[in-house]
$ cat model.pdb   # PDB, C-alpha atoms
MODEL        1
ATOM      1  CA  MET A  27      44.133 -23.338 178.172
ATOM      2  CA  SER A  28      45.161 -25.845 175.530
ATOM      3  CA  ASP A  29      42.581 -27.808 173.577
ATOM      4  CA  ASP A  30      45.053 -30.690 173.187
ATOM      5  CA  LEU A  31      44.196 -34.097 174.512
ATOM      6  CA  ASN A  32      45.894 -34.781 177.840
ATOM      7  CA  CYS A  33      47.720 -37.833 176.476
ATOM      8  CA  THR A  34      51.493 -38.163 176.339
ATOM      9  CA  CYS A  35      51.423 -40.317 173.212
ATOM     10  CA  TYR A  36      49.087 -37.926 171.378
ATOM     11  CA  ARG A  37      51.225 -34.891 172.260
ATOM     12  CA  LEU A  38      54.462 -36.605 171.230
ATOM     13  CA  ARG A  39      52.947 -37.810 167.945
ATOM     14  CA  LYS A  40      51.552 -34.343 167.215
ATOM     15  CA  ALA A  41      54.957 -32.759 167.845
ATOM     16  CA  ASP A  42      56.564 -35.505 165.735
ATOM     17  CA  ARG A  43      54.286 -34.762 162.774
ATOM     18  CA  LEU A  44      54.922 -31.015 162.971
ATOM     19  CA  LEU A  45      58.683 -31.429 163.322
ATOM     20  CA  SER A  46      58.819 -34.080 160.584
ATOM     21  CA  ARG A  47      57.258 -31.594 158.167
ATOM     22  CA  ILE A  48      60.066 -29.125 158.880
ATOM     23  CA  TYR A  49      62.780 -31.741 158.368
ATOM     24  CA  ASP A  50      61.090 -33.260 155.312
ATOM     25  CA  SER A  51      60.844 -29.775 153.800
ATOM     26  CA  ALA A  52      64.523 -29.090 154.511
ATOM     27  CA  LEU A  53      65.486 -32.438 152.933
ATOM     28  CA  ALA A  54      63.020 -32.250 150.017
ATOM     29  CA  GLY A  55      65.518 -31.346 147.327
ATOM     30  CA  THR A  56      67.786 -34.266 148.221
ATOM     31  CA  GLY A  57      65.286 -37.098 147.814
ATOM     32  CA  VAL A  58      66.144 -38.313 151.317
ATOM     33  CA  SER A  59      63.402 -38.708 153.943
ATOM     34  CA  ILE A  60      64.122 -37.967 157.600
ATOM     35  CA  VAL A  61      63.953 -41.718 158.293
ATOM     36  CA  GLN A  62      66.492 -42.461 155.558
ATOM     37  CA  PHE A  63      68.641 -39.602 156.838
ATOM     38  CA  ALA A  64      68.655 -41.130 160.326
ATOM     39  CA  VAL A  65      69.728 -44.508 158.899
ATOM     40  CA  LEU A  66      72.512 -42.917 156.835
ATOM     41  CA  ALA A  67      73.621 -40.830 159.827
ATOM     42  CA  GLU A  68      73.799 -43.889 162.084
ATOM     43  CA  LEU A  69      75.715 -45.916 159.503
ATOM     44  CA  GLU A  70      78.087 -43.001 158.935
ATOM     45  CA  ARG A  71      78.574 -42.634 162.697
ATOM     46  CA  ALA A  72      78.910 -46.287 163.698
ATOM     47  CA  GLY A  73      79.934 -48.057 160.502
ATOM     48  CA  ALA A  74      78.354 -51.224 159.111
ATOM     49  CA  ARG A  75      75.478 -52.442 161.287
ATOM     50  CA  GLY A  76      73.012 -55.283 161.312
ATOM     51  CA  ILE A  77      69.274 -54.768 160.984
ATOM     52  CA  THR A  78      68.547 -55.528 164.638
ATOM     53  CA  ALA A  79      71.176 -53.106 165.922
ATOM     54  CA  LEU A  80      69.968 -50.359 163.576
ATOM     55  CA  ALA A  81      66.333 -50.936 164.519
ATOM     56  CA  GLU A  82      67.120 -50.791 168.242
ATOM     57  CA  THR A  83      69.278 -47.681 167.926
ATOM     58  CA  LEU A  84      66.709 -45.845 165.805
ATOM     59  CA  GLY A  85      63.693 -46.988 167.832
ATOM     60  CA  THR A  86      61.867 -49.002 165.179
ATOM     61  CA  ASP A  87      61.118 -52.646 164.502
ATOM     62  CA  ARG A  88      63.094 -55.067 162.325
ATOM     63  CA  THR A  89      60.370 -55.279 159.659
ATOM     64  CA  THR A  90      60.263 -51.523 159.142
ATOM     65  CA  MET A  91      64.061 -51.310 159.159
ATOM     66  CA  THR A  92      64.269 -54.122 156.591
ATOM     67  CA  ARG A  93      61.879 -52.295 154.241
ATOM     68  CA  THR A  94      63.764 -49.022 154.688
ATOM     69  CA  LEU A  95      67.129 -50.661 153.978
ATOM     70  CA  GLU A  96      65.731 -52.470 150.926
ATOM     71  CA  ARG A  97      64.513 -49.141 149.484
ATOM     72  CA  MET A  98      67.854 -47.517 150.250
ATOM     73  CA  ALA A  99      69.745 -50.417 148.675
ATOM     74  CA  GLY A 100      67.568 -50.043 145.582
ATOM     75  CA  LEU A 101      68.635 -46.402 145.408
ATOM     76  CA  GLY A 102      72.268 -47.468 145.724
ATOM     77  CA  TRP A 103      72.761 -45.726 149.089
ATOM     78  CA  VAL A 104      73.519 -48.825 151.176
ATOM     79  CA  LYS A 105      74.833 -52.283 150.475
ATOM     80  CA  VAL A 106      75.032 -55.538 152.374
ATOM     81  CA  GLU A 107      78.450 -56.406 153.725
ATOM     82  CA  GLU A 108      79.262 -60.102 153.550
ATOM     83  CA  THR A 109      80.113 -61.807 156.852
ATOM     84  CA  GLU A 110      81.261 -65.269 157.801
ATOM     85  CA  ASP A 111      77.772 -66.004 159.124
ATOM     86  CA  ALA A 112      75.376 -65.932 156.144
ATOM     87  CA  ARG A 113      72.466 -65.248 158.544
ATOM     88  CA  LEU A 114      74.015 -61.974 159.690
ATOM     89  CA  HIS A 115      73.622 -59.131 157.224
ATOM     90  CA  ARG A 116      75.473 -55.920 157.942
ATOM     91  CA  HIS A 117      74.619 -52.819 155.963
ATOM     92  CA  GLN A 118      77.027 -50.069 155.084
ATOM     93  CA  VAL A 119      76.851 -46.751 153.268
ATOM     94  CA  THR A 120      77.998 -46.736 149.644
ATOM     95  CA  ASP A 121      79.860 -43.863 147.998
ATOM     96  CA  ALA A 122      76.539 -42.728 146.493
ATOM     97  CA  GLY A 123      74.930 -42.949 149.932
ATOM     98  CA  HIS A 124      77.707 -40.874 151.447
ATOM     99  CA  ALA A 125      77.293 -38.228 148.750
ATOM    100  CA  VAL A 126      73.535 -37.975 149.279
ATOM    101  CA  PHE A 127      74.062 -37.920 153.057
ATOM    102  CA  VAL A 128      76.449 -34.967 152.780
ATOM    103  CA  GLU A 129      73.904 -33.110 150.642
ATOM    104  CA  ALA A 130      71.025 -33.997 152.986
ATOM    105  CA  TRP A 131      73.073 -33.039 156.033
ATOM    106  CA  ARG A 132      73.022 -29.407 154.875
ATOM    107  CA  GLY A 133      69.210 -29.393 154.852
ATOM    108  CA  TRP A 134      69.048 -31.276 158.147
ATOM    109  CA  ARG A 135      71.414 -28.708 159.679
ATOM    110  CA  ARG A 136      69.091 -25.870 158.544
ATOM    111  CA  ALA A 137      66.130 -27.597 160.211
ATOM    112  CA  GLU A 138      68.115 -28.224 163.412
ATOM    113  CA  THR A 139      69.229 -24.593 163.497
ATOM    114  CA  ALA A 140      65.677 -23.318 162.956
ATOM    115  CA  ILE A 141      64.310 -25.444 165.806
ATOM    116  CA  ALA A 142      67.166 -24.438 168.130
ATOM    117  CA  LYS A 143      66.658 -20.770 167.263
ATOM    118  CA  SER A 144      62.913 -21.015 167.836
ATOM    119  CA  MET A 145      63.196 -22.850 171.163
ATOM    120  CA  GLY A 146      66.479 -21.511 172.460
ATOM    121  CA  GLY A 147      69.479 -23.636 173.338
ATOM    122  CA  GLU A 148      68.608 -24.176 177.008
ATOM    123  CA  ARG A 149      65.017 -25.202 176.265
ATOM    124  CA  LEU A 150      66.170 -27.538 173.487
ATOM    125  CA  ALA A 151      68.688 -29.164 175.856
ATOM    126  CA  LEU A 152      65.890 -29.587 178.408
ATOM    127  CA  LEU A 153      63.646 -31.123 175.734
ATOM    128  CA  TRP A 154      66.354 -33.649 174.832
ATOM    129  CA  GLU A 155      66.789 -34.506 178.514
ATOM    130  CA  LEU A 156      63.044 -34.972 178.981
ATOM    131  CA  LEU A 157      62.765 -37.049 175.812
ATOM    132  CA  GLY A 158      65.548 -39.288 177.107
ATOM    133  CA  GLU A 159      63.605 -39.712 180.341
ATOM    134  CA  ALA A 160      60.393 -40.436 178.393
ATOM    135  CA  GLU A 161      62.203 -43.087 176.327
ATOM    136  CA  GLN A 162      63.482 -44.746 179.509
ATOM    137  CA  ALA A 163      60.050 -44.555 181.123
ATOM    138  CA  ALA A 164      58.538 -46.220 178.049
ATOM    139  CA  ARG A 165      61.155 -48.999 178.229
ATOM    140  CA  ASN A 166      60.320 -49.531 181.913
ATOM    141  CA  ALA A 167      56.532 -49.365 181.568
ATOM    142  CA  SER A 168      54.575 -52.577 181.767
ATOM    143  CA  ILE A 169      51.022 -52.466 180.433
ATOM    144  CA  GLN A 170      48.487 -55.268 180.233
ATOM    145  CA  PRO A 171      46.768 -55.700 176.850
ATOM    146  CA  ALA A 172      43.296 -54.235 176.467
ATOM    147  CA  GLY A 173      40.608 -56.580 177.715
ATOM    148  CA  SER A 174      42.813 -58.160 180.372
ATOM    149  CA  ALA A 175      41.512 -58.765 183.880
ATOM    150  CA  THR A 176      43.492 -55.804 185.262
ATOM    151  CA  GLY A 177      41.985 -53.254 182.851
ATOM    152  CA  PRO A 178      39.100 -50.887 183.719
ATOM    153  CA  ALA A 179      35.622 -52.399 183.895
ATOM    154  CA  ASN A 180      33.230 -51.734 180.999
TER
ENDMDL
END

$ encode --input "model.pdb" --output "structure tokens"
Amino acid sequence: MSDDLNCTCYRLRKADRLLSRIYDSALAGTGVSIVQFAVLAELERAGARGITALAETLGTDRTTMTRTLERMAGLGWVKVEETEDARLHRHQVTDAGHAVFVEAWRGWRRAETAIAKSMGGERLALLWELLGEAEQAARNASIQPAGSATGPAN
């Protein structure tokens, strides 16, 4: 029997922390965090993107994405692409960002391979399917704030 709390959020966060350590270790020599890697990967995949689109795709909020992009711009990995609408800022990978992404990709690939080897391909595919379902369930869930009239009585 597991001593883990029977809470979906707790279990996902625990798995996230353990997996993040593996990826952070694999990326350590590159200076790229797993969050920065995800941003670079998305920009490499989709091209220049705005903050809102990046935040939605990567499952974070605009404020966090803004801070991440500012740090990455300071490192010279991304730059703002000018648009006709001055309110719309699109970020793109620089040559330096591409170079660090290619280097980080090697470490990321090692981490991906280790997880796939440990779990097995079929189980990993099932995990991805279940995580997709969990993401959709979270999007569909409607919860009243704590202390609302529909919450449990104290």

$ resolve_selection --input "model.pdb" --expression "the PyMOL selection byres ((chain A and resi 117-124) around 8)" --output "PyMOL selection string"
chain A and resi 66+69-70+73-77+102-107+115-116+125-128

$ closest_residue --input "model.pdb" --among "A:Thr83, A:Ala137, A:Leu152, A:Gly146" --to "Ala67 of chain A" --atoms "only C-alpha atoms"
A:Thr83

$ residues_near_point --input "model.pdb" --point "(66.3, -51.3, 164.8)" --cutoff "7 Å" --atoms "only C-alpha atoms" --output "JSON, numbers by chain"
{"A": [77, 78, 79, 80, 81, 82, 83, 84, 85, 86, 87, 88, 91]}

$ resolve_selection --input "model.pdb" --expression "the PyMOL selection byres ((chain A and resi 51-63) around 8)" --output "PyMOL selection string"
chain A and resi 46-50+64-67+94+98+126-127+129-131+133-134+136-137

$ closest_residue --input "model.pdb" --among "A:Thr34, A:Asp29, A:Gly173, A:Ala72" --to "Glu161 of chain A" --atoms "only C-alpha atoms"
A:Thr34

$ atom_distance --input "model.pdb" --atom1 "atom CA of Leu153 of chain A" --atom2 "atom CA of Ala167 of chain A"
20.4 Å
